[in-house]
Each structure stands twice: as structure tokens, then as C-alpha cells.
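This is data.txt (compact mmCIF, C-alpha atoms).
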# COMPACT_ATOMS: atom_id res chain seq x y z
CA MET S 359 -40.41 28.09 72.45
CA SER S 360 -37.07 26.44 71.72
CA PRO S 361 -35.29 27.37 68.49
CA ALA S 362 -35.91 23.84 67.18
CA GLY S 363 -39.60 24.63 66.75
CA TYR S 364 -38.78 27.70 64.67
CA VAL S 365 -36.31 25.70 62.57
CA PHE S 366 -38.92 23.03 61.85
CA LEU S 367 -41.42 25.73 60.92
CA SER S 368 -38.87 27.24 58.55
CA VAL S 369 -38.31 23.79 56.99
CA ILE S 370 -42.03 23.44 56.35
CA LEU S 371 -42.31 26.93 54.86
CA PHE S 372 -39.25 26.32 52.68
CA VAL S 373 -40.70 23.09 51.29
CA ILE S 374 -44.07 24.74 50.63
CA GLY S 375 -42.20 27.40 48.66
CA ALA S 376 -40.27 24.76 46.72
CA VAL S 377 -43.47 22.89 45.85
CA GLY S 378 -44.96 26.22 44.76
CA VAL S 379 -42.03 26.76 42.38
CA LEU S 380 -42.60 23.30 40.93
CA VAL S 381 -46.38 23.52 40.65
CA ARG S 382 -47.25 27.08 39.65
CA ARG S 383 -46.79 28.22 36.05
CA ASN S 384 -47.38 31.94 36.33
CA ALA S 385 -43.93 33.52 36.62
CA ILE S 386 -45.12 36.07 39.24
CA LEU S 387 -46.34 33.28 41.48
CA ILE S 388 -43.07 31.42 41.04
CA PHE S 389 -41.31 34.56 42.22
CA MET S 390 -43.60 34.74 45.24
CA SER S 391 -42.74 31.14 46.08
CA VAL S 392 -39.03 31.98 45.87
CA GLU S 393 -39.67 34.86 48.27
CA LEU S 394 -41.36 32.43 50.63
CA MET S 395 -38.28 30.19 50.52
CA LEU S 396 -36.00 33.16 51.26
CA ASN S 397 -38.19 34.14 54.20
CA ALA S 398 -38.04 30.61 55.56
CA CYS S 399 -34.24 30.75 55.36
CA ASN S 400 -34.28 34.05 57.23
CA LEU S 401 -36.36 32.51 59.99
CA ALA S 402 -33.81 29.69 60.29
CA PHE S 403 -30.94 32.22 60.43
CA VAL S 404 -32.62 34.22 63.20
CA SER S 405 -33.37 31.03 65.13
CA PHE S 406 -29.78 29.86 64.87
CA ALA S 407 -28.57 33.29 65.95
CA ARG S 408 -30.65 32.88 69.10
CA LEU S 409 -29.44 29.30 69.52
CA HIS S 410 -25.80 30.32 69.39
CA GLY S 411 -26.27 33.46 71.39
CA ASN S 412 -24.68 35.84 68.91
CA LEU S 413 -25.91 38.26 66.28
CA ASP S 414 -24.12 36.93 63.19
CA GLY S 415 -27.20 35.05 62.03
CA GLN S 416 -29.26 38.22 62.21
CA VAL S 417 -26.67 40.07 60.11
CA VAL S 418 -26.81 37.31 57.50
CA ALA S 419 -30.62 37.48 57.49
CA PHE S 420 -30.34 41.23 56.96
CA PHE S 421 -28.07 40.68 53.94
CA VAL S 422 -30.46 38.05 52.58
CA MET S 423 -33.25 40.63 52.73
CA VAL S 424 -31.16 43.15 50.79
CA VAL S 425 -30.23 40.61 48.12
CA ALA S 426 -33.84 39.45 47.89
CA ALA S 427 -34.99 43.03 47.31
CA ALA S 428 -32.46 43.42 44.45
CA GLU S 429 -33.47 40.05 43.02
CA VAL S 430 -37.14 40.97 43.02
CA VAL S 431 -36.48 44.25 41.22
CA ILE S 432 -34.48 42.58 38.45
CA GLY S 433 -36.76 39.55 38.23
CA LEU S 434 -39.92 41.58 37.89
CA ALA S 435 -38.28 43.83 35.29
CA ILE S 436 -37.35 40.75 33.24
CA LEU S 437 -40.88 39.49 33.71
CA MET S 438 -42.32 42.75 32.39
CA ALA S 439 -39.97 42.60 29.38
CA ILE S 440 -41.08 39.04 28.61
CA TYR S 441 -44.71 39.98 29.08
CA ARG S 442 -44.34 42.89 26.66
CA ALA S 443 -42.78 40.64 24.03
CA ARG S 444 -45.03 37.59 24.40
CA ARG S 445 -48.23 38.95 26.05
CA SER S 446 -48.10 36.17 28.61
CA ALA S 447 -46.65 35.67 32.08
CA SER S 448 -46.76 31.90 31.90
CA VAL S 449 -43.42 30.13 32.03
CA ASP S 450 -44.70 27.60 29.49
CA ASP S 451 -44.90 30.25 26.78
CA ALA S 452 -41.25 31.32 26.95
CA THR S 453 -40.00 28.44 24.80
CA LEU S 454 -37.82 30.26 22.31
CA LEU S 455 -34.66 28.41 23.37
CA LYS S 456 -36.35 25.03 23.47
CA PHE S 457 -36.03 23.89 19.86
CA MET B 910 -46.42 42.19 77.24
CA ILE B 911 -46.16 43.64 73.74
CA HIS B 912 -43.65 46.17 74.95
CA GLN B 913 -41.57 43.34 76.34
CA LEU B 914 -42.01 41.43 73.10
CA PHE B 915 -40.59 44.13 70.91
CA LEU B 916 -37.88 45.31 73.20
CA ALA B 917 -36.63 41.84 74.06
CA SER B 918 -32.96 42.63 74.07
CA GLY B 919 -30.08 40.36 73.26
CA PRO B 920 -30.20 37.31 71.04
CA GLY B 921 -30.71 34.67 73.67
CA SER B 922 -32.96 36.47 76.04
CA THR B 923 -36.54 36.75 74.97
CA ASN B 924 -37.70 37.74 78.40
CA ILE B 925 -41.37 37.03 77.80
CA ASP B 926 -43.55 34.58 79.63
CA PRO B 927 -42.78 31.05 78.29
CA VAL B 928 -46.46 30.05 78.13
CA PHE B 929 -47.35 33.20 76.23
CA ASP B 930 -44.34 32.54 74.01
CA LYS B 931 -45.50 29.02 73.20
CA VAL B 932 -49.12 29.98 72.55
CA LEU B 933 -48.08 32.85 70.30
CA PHE B 934 -45.69 30.57 68.41
CA TRP B 935 -48.37 27.99 67.68
CA ILE B 936 -50.92 30.58 66.60
CA LEU B 937 -48.38 32.20 64.28
CA ALA B 938 -47.08 28.86 62.97
CA VAL B 939 -50.56 27.63 62.05
CA MET B 940 -51.31 30.99 60.44
CA ALA B 941 -48.06 31.04 58.45
CA VAL B 942 -48.30 27.45 57.22
CA SER B 943 -51.95 27.70 56.21
CA ALA B 944 -51.35 31.01 54.44
CA ALA B 945 -48.34 29.52 52.64
CA LEU B 946 -50.39 26.51 51.56
CA GLY B 947 -53.12 28.84 50.40
CA MET B 948 -50.54 30.80 48.43
CA ILE B 949 -49.58 27.82 46.30
CA LEU B 950 -53.17 26.59 45.92
CA VAL B 951 -55.17 29.77 45.24
CA ARG B 952 -55.69 30.63 41.58
CA HIS B 953 -55.67 34.41 41.51
CA ALA B 954 -52.34 36.21 41.69
CA VAL B 955 -53.69 39.01 43.92
CA HIS B 956 -54.96 36.50 46.48
CA CYS B 957 -51.54 34.82 46.42
CA ALA B 958 -49.84 38.15 47.16
CA LEU B 959 -52.17 38.78 50.12
CA MET B 960 -51.47 35.29 51.48
CA LEU B 961 -47.76 35.98 51.17
CA ALA B 962 -48.30 39.20 53.16
CA VAL B 963 -49.86 37.15 55.97
CA VAL B 964 -46.85 34.80 56.01
CA MET B 965 -44.40 37.71 56.06
CA LEU B 966 -46.20 39.53 58.87
CA SER B 967 -46.34 36.44 61.06
CA LEU B 968 -42.63 35.88 60.40
CA ALA B 969 -42.00 39.48 61.47
CA VAL B 970 -43.70 38.83 64.81
CA MET B 971 -41.60 35.68 65.16
CA TYR B 972 -38.42 37.69 64.63
CA ALA B 973 -39.53 40.03 67.39
CA MET B 974 -40.21 37.05 69.65
CA GLN B 975 -36.72 35.74 69.00
CA GLY B 976 -34.88 38.84 70.06
CA ALA B 977 -34.53 40.42 66.62
CA PRO B 978 -36.70 43.55 66.78
CA PHE B 979 -34.67 45.34 64.11
CA LEU B 980 -35.19 42.51 61.62
CA ALA B 981 -38.87 42.44 62.52
CA PHE B 982 -39.29 46.06 61.52
CA VAL B 983 -37.14 45.61 58.41
CA GLN B 984 -39.32 42.67 57.48
CA VAL B 985 -42.48 44.75 57.77
CA ILE B 986 -41.07 47.82 56.02
CA VAL B 987 -38.93 46.25 53.29
CA TYR B 988 -40.68 42.98 52.58
CA THR B 989 -44.33 43.59 53.30
CA GLY B 990 -44.14 47.26 52.46
CA ALA B 991 -41.90 47.46 49.42
CA VAL B 992 -41.34 44.06 47.86
CA LEU B 993 -44.93 42.92 48.13
CA MET B 994 -46.25 46.23 46.81
CA LEU B 995 -43.89 45.79 43.84
CA PHE B 996 -45.42 42.36 43.30
CA LEU B 997 -48.90 43.84 43.41
CA PHE B 998 -47.94 46.55 40.90
CA VAL B 999 -46.62 43.93 38.49
CA VAL B 1000 -49.75 41.83 38.97
CA MET B 1001 -51.81 44.89 38.05
CA LEU B 1002 -49.62 45.60 35.00
CA VAL B 1003 -49.56 42.05 33.73
CA GLY B 1004 -53.27 41.75 34.36
CA THR B 1005 -55.30 40.44 37.23
CA ASN B 1006 -57.21 38.26 34.79
CA SER B 1007 -54.15 36.10 34.25
CA ALA B 1008 -55.56 33.34 36.43
CA GLU B 1009 -53.72 30.34 35.18
CA SER B 1010 -55.54 27.43 33.63
CA LEU B 1011 -55.70 24.38 35.82
CA THR B 1012 -54.77 21.86 33.15
CA GLU B 1013 -51.39 20.29 33.66
CA THR B 1014 -48.89 20.58 30.84
CA ILE B 1015 -46.66 17.87 32.25
CA ARG B 1016 -48.68 14.84 33.23
CA GLY B 1017 -48.56 14.05 36.94
CA GLN B 1018 -46.64 17.25 37.70
CA ARG B 1019 -48.65 18.16 40.79
CA LEU B 1020 -48.57 14.64 42.18
CA TRP B 1021 -44.83 14.33 41.76
CA ALA B 1022 -44.25 17.82 43.14
CA ALA B 1023 -46.31 16.97 46.23
CA LEU B 1024 -44.41 13.69 46.68
CA ALA B 1025 -41.08 15.46 46.29
CA GLY B 1026 -42.20 18.06 48.82
CA ILE B 1027 -43.19 15.42 51.38
CA ALA B 1028 -39.89 13.61 50.81
CA LEU B 1029 -37.93 16.84 51.27
CA VAL B 1030 -39.81 17.67 54.48
CA ALA B 1031 -39.11 14.18 55.83
CA LEU B 1032 -35.44 14.38 54.89
CA LEU B 1033 -34.90 17.81 56.43
CA ILE B 1034 -36.88 17.13 59.59
CA ILE B 1035 -35.07 13.84 60.21
CA GLY B 1036 -31.72 15.50 59.56
CA ILE B 1037 -32.37 18.57 61.72
CA GLY B 1038 -34.06 16.45 64.37
CA HIS B 1039 -30.86 14.45 64.75
CA ALA B 1040 -28.75 17.58 64.94
CA ALA B 1041 -30.60 20.21 66.90
CA ILE B 1042 -33.26 18.69 69.15
CA GLY B 1043 -32.33 18.74 72.78
CA SER B 1044 -30.12 21.80 72.62
CA ALA B 1045 -31.84 24.45 74.65
CA PRO B 1046 -31.14 28.11 73.91
CA PRO B 1047 -28.43 29.62 76.06
CA GLN B 1048 -30.02 32.11 78.37
CA SER B 1049 -26.91 34.22 78.76
CA SER B 1050 -26.57 36.77 76.04
CA ALA B 1051 -23.24 37.24 74.31
CA PHE B 1052 -24.14 40.89 73.89
CA SER B 1053 -24.81 43.06 76.84
CA THR B 1054 -25.97 45.92 74.60
CA ASP B 1055 -29.31 45.93 72.86
CA ASN B 1056 -30.10 44.37 69.53
CA LEU B 1057 -29.73 47.46 67.37
CA THR B 1058 -26.36 48.51 68.79
CA GLY B 1059 -24.99 44.99 68.51
CA LEU B 1060 -26.15 44.66 64.91
CA ALA B 1061 -24.70 48.03 63.97
CA ARG B 1062 -21.38 47.13 65.56
CA LEU B 1063 -21.24 43.86 63.60
CA ILE B 1064 -22.32 45.37 60.28
CA PHE B 1065 -19.85 48.22 60.44
CA THR B 1066 -16.88 46.21 61.71
CA THR B 1067 -16.83 42.54 60.81
CA TYR B 1068 -19.23 42.72 57.89
CA VAL B 1069 -18.33 46.15 56.56
CA PHE B 1070 -16.99 44.84 53.26
CA PRO B 1071 -20.09 42.76 52.40
CA PHE B 1072 -22.13 45.80 53.42
CA GLU B 1073 -20.28 47.98 50.89
CA ILE B 1074 -20.68 45.29 48.23
CA THR B 1075 -24.40 45.37 48.98
CA SER B 1076 -24.61 49.01 47.98
CA ALA B 1077 -22.99 48.16 44.63
CA LEU B 1078 -25.48 45.34 44.21
CA LEU B 1079 -28.45 47.61 44.89
CA MET B 1080 -27.17 50.22 42.47
CA THR B 1081 -26.66 47.57 39.79
CA ALA B 1082 -30.18 46.32 40.41
CA ALA B 1083 -31.66 49.80 40.03
CA LEU B 1084 -29.72 50.39 36.80
CA GLY B 1085 -30.63 46.94 35.51
CA ALA B 1086 -34.31 47.52 36.16
CA MET B 1087 -34.12 50.82 34.28
CA VAL B 1088 -32.35 49.17 31.32
CA LEU B 1089 -34.80 46.27 31.22
CA ALA B 1090 -37.87 48.45 31.54
CA HIS B 1091 -36.66 50.93 28.91
CA ARG B 1092 -38.12 50.51 25.46
CA GLU B 1093 -36.34 51.95 22.46
CA ARG B 1094 -38.61 53.95 20.14
CA THR B 1095 -38.42 52.31 16.73
CA GLU B 1096 -40.38 54.94 14.82
CA PRO B 1097 -40.45 58.74 15.13
CA LYS B 1098 -43.02 60.20 17.46
CA PRO B 1099 -46.16 61.23 15.50
CA THR B 1100 -46.66 64.97 15.37
CA GLN B 1101 -49.93 66.66 16.25
CA ARG B 1102 -50.68 67.18 12.56
CA GLU B 1103 -50.24 63.49 11.80
CA VAL B 1104 -52.42 62.48 14.71
CA ALA B 1105 -55.19 64.83 13.54
CA ARG B 1106 -54.93 63.58 9.93
CA ARG B 1107 -55.15 59.97 11.04
CA LYS B 1108 -58.19 60.74 13.15
CA ILE B 1109 -60.06 62.42 10.28
CA ALA B 1110 -59.10 59.63 7.88
CA SER B 1111 -60.36 56.95 10.24
CA GLY B 1112 -63.95 58.22 9.96
CA GLN B 1113 -64.42 58.38 13.75
CA VAL B 1114 -63.82 62.04 14.51
CA GLN B 1115 -65.65 62.39 17.79
CA PRO B 1116 -64.42 60.46 20.81
CA GLU B 1117 -66.00 57.14 21.57
CA PRO B 1118 -68.73 57.21 24.22
CA PRO B 1119 -67.60 55.92 27.60
CA PRO B 1120 -69.32 52.88 29.11
CA GLY B 1121 -72.75 53.53 30.46
CA VAL B 1122 -73.53 56.49 28.19
CA TYR B 1123 -77.16 56.28 27.07
CA ALA B 1124 -77.16 52.73 28.38
CA LEU B 1125 -80.16 51.34 30.20
CA HIS B 1126 -78.05 50.47 33.25
CA ASN B 1127 -75.48 52.58 35.03
CA ALA B 1128 -72.42 50.32 35.30
CA VAL B 1129 -68.92 50.22 33.84
CA ASP B 1130 -69.52 46.84 32.23
CA MET B 1131 -72.57 48.12 30.32
CA PRO B 1132 -71.55 48.98 26.77
CA ALA B 1133 -72.42 52.46 25.58
CA MET B 1134 -75.36 52.92 23.28
CA LEU B 1135 -74.62 54.70 20.05
CA PRO B 1136 -77.09 57.20 18.52
CA ASP B 1137 -78.39 54.57 16.11
CA GLY B 1138 -79.50 52.33 18.98
CA THR B 1139 -76.75 49.75 18.71
CA THR B 1140 -74.23 49.17 21.47
CA SER B 1141 -70.46 49.55 21.18
CA ASP B 1142 -68.23 46.79 22.62
CA ARG B 1143 -65.23 49.08 22.34
CA SER B 1144 -66.53 51.30 25.11
CA VAL B 1145 -65.94 48.63 27.78
CA SER B 1146 -62.48 47.94 29.15
CA HIS B 1147 -61.04 44.62 28.10
CA ALA B 1148 -60.32 43.58 31.68
CA VAL B 1149 -63.87 44.36 32.79
CA ALA B 1150 -65.30 42.38 29.88
CA GLN B 1151 -63.07 39.42 30.72
CA ARG B 1152 -64.17 39.56 34.36
CA ASP B 1153 -67.80 39.45 33.22
CA VAL B 1154 -67.02 36.34 31.20
CA GLN B 1155 -65.36 34.75 34.23
CA LEU B 1156 -68.30 35.54 36.48
CA GLY B 1157 -70.79 34.37 33.85
CA ARG B 1158 -72.42 37.77 33.40
CA ASP B 1159 -73.71 38.99 30.06
CA PRO B 1160 -74.35 42.76 29.99
CA GLN B 1161 -74.93 42.69 26.24
CA GLY B 1162 -77.63 40.08 26.70
CA VAL B 1163 -79.28 42.12 29.45
CA ILE B 1164 -79.39 45.12 27.14
CA THR B 1165 -80.85 43.07 24.30
CA VAL B 1166 -83.53 41.66 26.59
CA ASP B 1167 -84.35 45.13 27.96
CA LEU B 1168 -84.58 46.60 24.47
CA ALA B 1169 -86.87 43.78 23.35
CA THR B 1170 -89.08 44.29 26.43
CA GLY B 1171 -89.22 48.02 25.81
CA MET B 1172 -90.27 47.50 22.20
CA ARG B 1173 -92.97 45.02 23.23
CA ILE B 1174 -94.34 47.41 25.84
CA ASP B 1175 -94.38 50.23 23.27
CA ALA B 1176 -96.26 48.04 20.80
CA GLU B 1177 -98.80 47.03 23.45
CA ARG B 1178 -99.30 50.64 24.44
CA ALA B 1179 -99.85 51.61 20.81
CA ILE B 1180 -102.44 48.85 20.42
CA GLU B 1181 -104.12 49.89 23.68
CA THR B 1182 -104.36 53.56 22.71
CA GLY B 1183 -105.53 52.53 19.26
CA ALA B 1184 -108.28 50.37 20.77
CA ARG B 1185 -109.32 53.13 23.16
CA GLY B 1186 -109.45 55.52 20.24
CA THR B 1187 -111.78 53.26 18.26
CA GLU B 1188 -113.97 52.77 21.35
CA GLU B 1189 -114.26 56.51 21.86
CA SER B 1190 -115.02 57.09 18.21
CA GLY B 1191 -117.61 54.26 18.29
CA ALA B 1192 -119.34 55.79 21.30
The structure in this file should be written as C-alpha cells.
Amino acid sequence: MSPAGYVFLSVILFVIGAVGVLVRRNAILIFMSVELMLNACNLAFVSFARLHGNLDGQVVAFFVMVVAAAEVVIGLAILMAIYRARRSASVDDATLLKF
Amino acid sequence: MIHQLFLASGPGSTNIDPVFDKVLFWILAVMAVSAALGMILVRHAVHCALMLAVVMLSLAVMYAMQGAPFLAFVQVIVYTGAVLMLFLFVVMLVGTNSAESLTETIRGQRLWAALAGIALVALLIIGIGHAAIGSAPPQSSAFSTDNLTGLARLIFTTYVFPFEITSALLMTAALGAMVLAHRERTEPKPTQREVARRKIASGQVQPEPPPGVYALHNAVDMPAMLPDGTTSDRSVSHAVAQRDVQLGRDPQGVITVDLATGMRIDAERAIETGARGTEESGA
């Protein structure tokens, strides 16, 4: 399969993740959608690495994975803090800065 | 075949059969896209996490197919193993019953999100189609060594500074998670004496019966029966009770019905024995 097919697949997965961020209201599910978008980007990086015949894309994908792991740790900790304070994981309920 | 798949060395050379390659790609692509769609459509958070696991595993196989076996294993170990388990832990902590309500808070949000998604797909596919279609992958590999050696050489030479920065980032993340998860104690810890005093003062000295104790049915969602014949709602876990409500079950009602039936049967028996007694005395 040519790298173009993988790139198109990664586009579709990225957009599904973006729509998930827009549609879902539970903060955990929004995080999962962000993870899906990061994974789609990784797939594109690996495909482009194969397209160009070098390993730089794979190194970048590796770094993206590391940063995503750190992001998930911090994000879920913030989520737990919000849940403890407000007893809700919905993004609609965190409206303290709104008014 | 599988051995070839995972040990496909070099970035450009996935030396597997092209037909097998294509078939595997389409199976995995359909699986990944349908699981991703399911992830944003399914209501329960646990189901979403499992769908995400399917997407991540199929992406791992795709990495292996594209000459990135190291990334494939990192994907399985770090993403599916660690990150997703972290998600599942948080789902358990926040509560599996937090299935979100399906009413929209912003009117037309889903419709507009779907339209924006379709527009973004069209934009990206047209753009990438103009740029990348027609360029076949170069068969000659820039690296004669295998994937792992090449990656290690790159990470520890060209990208050694970002790699060091990464360690600082991970340490900051660990410290940040500890700081965020830490809760300052605002009142002194109650001593054993205070706990005992409070317990005596509350009037409930003995522990509460667990669910199912003296109940007519042996299940965790059956409230315990107290010595006076009433049932105690406090003996059932909140999450279990909420699940019963979601599934439309009513353990309390079942108990009430059973108690009423039992009383009726007792009364009928009493009447029956009474009648038999009068018959015997009459004879």
C-alpha cells in the first residue's frame, strides 16, 4: 500500500477525533478524542518517514508519544481535581470563569 | 509472513507481499475508522476507552507494516498499555455511571460539528491529494542498518537535545500530577477516641449490615434487611443503585412484593390450619 493511503486514513482519523472534541461533553472523552488526533498525526509521520526513506519522521512520532504521555498525566490530574471540587466531569459545569 | 511483517527493516522496504499488504491495510483501515466513529458515538466512557484501544492496536500493526517495528511496540506498550489504562482508572474514579445526557446544550452543535468535520476532511483530502498522490515510496532504504539501530543513532546524535528536554518534561509531568492530586488536610486528623465518641453519639454503634444480609435474594443490589423487618438503602453501593435505575430494575420493589406474598401465604396457612382444626374438633 502506498503511503498516500495511510496519509488519507490518518486524515480521516484526525477529523473523527476533532469532531469528537467538538461533540462530546465529558472531559475524559474529550481527552480520548485528543489522543485519537495525536495517533492520527503519528500515523502520518510514520508514513512520511517511509515516503522520504529516512527515519526522522519515526523519531518525531516517538517524541509525540512521549509528549502525549506527559499531557495525559497532567490532564487527567487536572480532571480529577475538577471532579473533586465540582463532582462532575462535564465540561459544561466548569463555568466559574464565564461570568 | 508475520515474522517478515515485524522485522521489515529499513523505512522504505516493507518486504511483504504487496497483495497481503493491501488486504491487511484495508482490513485495519475499516477497523480503525469504525472503532473511531464508535468512540465518538457510544455513550459509556468505558466503551469509548475500549474502542480507542482497538484504534491504537490497529495503528500499531500499521506501524509495523510501514517499517517501524520499534514504534509499533512502543505504541502497544506505552499507549495501549499505560495511557489507556490510566484513562480506565480515571473513568473508574470519576464513575462509570457518568454517561452523559444526550440533550444538546448548544442548539445544533452536533449538526454543525458534523458539517465542520466533513468540510475539514474534504479540505485535507483535496490538499493532500494534490500534493502526494502519484509519488510512490522509494524502494531503496537510506539506512542499511535495521530500524532500531537507525532510530537509536538518530535519537542520540541529531535529536539528543530534544531527547534530554523530554526527560525534563516527563519529570515535570510526574511532579505536576503529584501536586495536582495532593489534597491539603484542612482539619486535624481525628484521633481514635474522637472516632469512638462520634460513633457512640450517632446511635448506630454496630456496623451496618452489608447488602444481601437477611435479604430474600442473594445479590449485591438487594438492600439488607434490618432486624425490625425493614430494609436499609444505605447498605447498597451508590453506583450499584444507580445502575439498577439505569437498567430499570427495582430490588426494593421485588422485596416488597416478596414480603407481601409471604404474609399472604402465612395468612392462608393460618386459615387452613384453623379450618382443619375446627373440622377435626367437629368430627
Exercise. Using all atoms listed in the file, find which residues of chain S lie within 7 Å of chain B and jot them down as a ChimeraX atom specification.
Key: /S:359-362,366-367,369-371,373-374,377-378,380-381,384,387,404-405,407-409,411-413,417,420,427-428,431-432,435-436,439
Suppose we keep C-alpha atoms; can you now write the selection as a PDB file, in the coordinates of the input?
ATOM      1  CA  MET S 359     -40.410  28.090  72.450  1.00  0.00           C
ATOM      2  CA  SER S 360     -37.070  26.440  71.720  1.00  0.00           C
ATOM      3  CA  PRO S 361     -35.290  27.370  68.490  1.00  0.00           C
ATOM      4  CA  ALA S 362     -35.910  23.840  67.180  1.00  0.00           C
ATOM      5  CA  PHE S 366     -38.920  23.030  61.850  1.00  0.00           C
ATOM      6  CA  LEU S 367     -41.420  25.730  60.920  1.00  0.00           C
ATOM      7  CA  VAL S 369     -38.310  23.790  56.990  1.00  0.00           C
ATOM      8  CA  ILE S 370     -42.030  23.440  56.350  1.00  0.00           C
ATOM      9  CA  LEU S 371     -42.310  26.930  54.860  1.00  0.00           C
ATOM     10  CA  VAL S 373     -40.700  23.090  51.290  1.00  0.00           C
ATOM     11  CA  ILE S 374     -44.070  24.740  50.630  1.00  0.00           C
ATOM     12  CA  VAL S 377     -43.470  22.890  45.850  1.00  0.00           C
ATOM     13  CA  GLY S 378     -44.960  26.220  44.760  1.00  0.00           C
ATOM     14  CA  LEU S 380     -42.600  23.300  40.930  1.00  0.00           C
ATOM     15  CA  VAL S 381     -46.380  23.520  40.650  1.00  0.00           C
ATOM     16  CA  ASN S 384     -47.380  31.940  36.330  1.00  0.00           C
ATOM     17  CA  LEU S 387     -46.340  33.280  41.480  1.00  0.00           C
ATOM     18  CA  VAL S 404     -32.620  34.220  63.200  1.00  0.00           C
ATOM     19  CA  SER S 405     -33.370  31.030  65.130  1.00  0.00           C
ATOM     20  CA  ALA S 407     -28.570  33.290  65.950  1.00  0.00           C
ATOM     21  CA  ARG S 408     -30.650  32.880  69.100  1.00  0.00           C
ATOM     22  CA  LEU S 409     -29.440  29.300  69.520  1.00  0.00           C
ATOM     23  CA  GLY S 411     -26.270  33.460  71.390  1.00  0.00           C
ATOM     24  CA  ASN S 412     -24.680  35.840  68.910  1.00  0.00           C
ATOM     25  CA  LEU S 413     -25.910  38.260  66.280  1.00  0.00           C
ATOM     26  CA  VAL S 417     -26.670  40.070  60.110  1.00  0.00           C
ATOM     27  CA  PHE S 420     -30.340  41.230  56.960  1.00  0.00           C
ATOM     28  CA  ALA S 427     -34.990  43.030  47.310  1.00  0.00           C
ATOM     29  CA  ALA S 428     -32.460  43.420  44.450  1.00  0.00           C
ATOM     30  CA  VAL S 431     -36.480  44.250  41.220  1.00  0.00           C
ATOM     31  CA  ILE S 432     -34.480  42.580  38.450  1.00  0.00           C
ATOM     32  CA  ALA S 435     -38.280  43.830  35.290  1.00  0.00           C
ATOM     33  CA  ILE S 436     -37.350  40.750  33.240  1.00  0.00           C
ATOM     34  CA  ALA S 439     -39.970  42.600  29.380  1.00  0.00           C
TER      35      ALA S 439
END
Quiz prompt | Close residues, stretch 395-399 of chain S itself excluded, 6 Å, all atoms listed in the file, min 5 positions apart in chain, as a PyMOL selection string | solution = chain S and resi 368+371-372+375
Exercise. Quick one: pull the distance between atom CA of B:Pro1099 and atom CA of B:Glu1117, Å, one decimal.
Key: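 Separation of atom CA of B:Pro1099 and atom CA of B:Glu1117: 21.1 Å.
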Quiz item: Hey, which of B:Ala1128, B:Met940, B:Ile1015, B:Val1069 ends up closest to S:Arg383? Count all atoms listed in the file.
Solution: B:Ile1015
Practice problem: Could you check how far atom CA of B:Glu1093 sits from atom CA of S:Asp451, in Å to one decimal? | Solution: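 Straight-line distance from atom CA of B:Glu1093 to atom CA of S:Asp451 works out to 23.7 Å.
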Quiz prompt | Atom pair atom CA of B:Leu937 / atom CA of B:Ser967: separation (Å) | solution = 5.7 Å
Self-check item: Contacts of S:Phe403 within 7 Å, all atoms listed in the file, excl. fewer than 5 positions in-chain, as a list in words
Solution: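 Near neighbours after the sequence-gap exclusion: Gly415, Gln416 and Ala419 of chain S.
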Self-check item: Closest of B:Ala1184, B:Leu966, B:Ile1174, B:Met1134 to B:Gln1161 - atom-to-atom distances counting only C-alpha atoms
Solution: B:Met1134
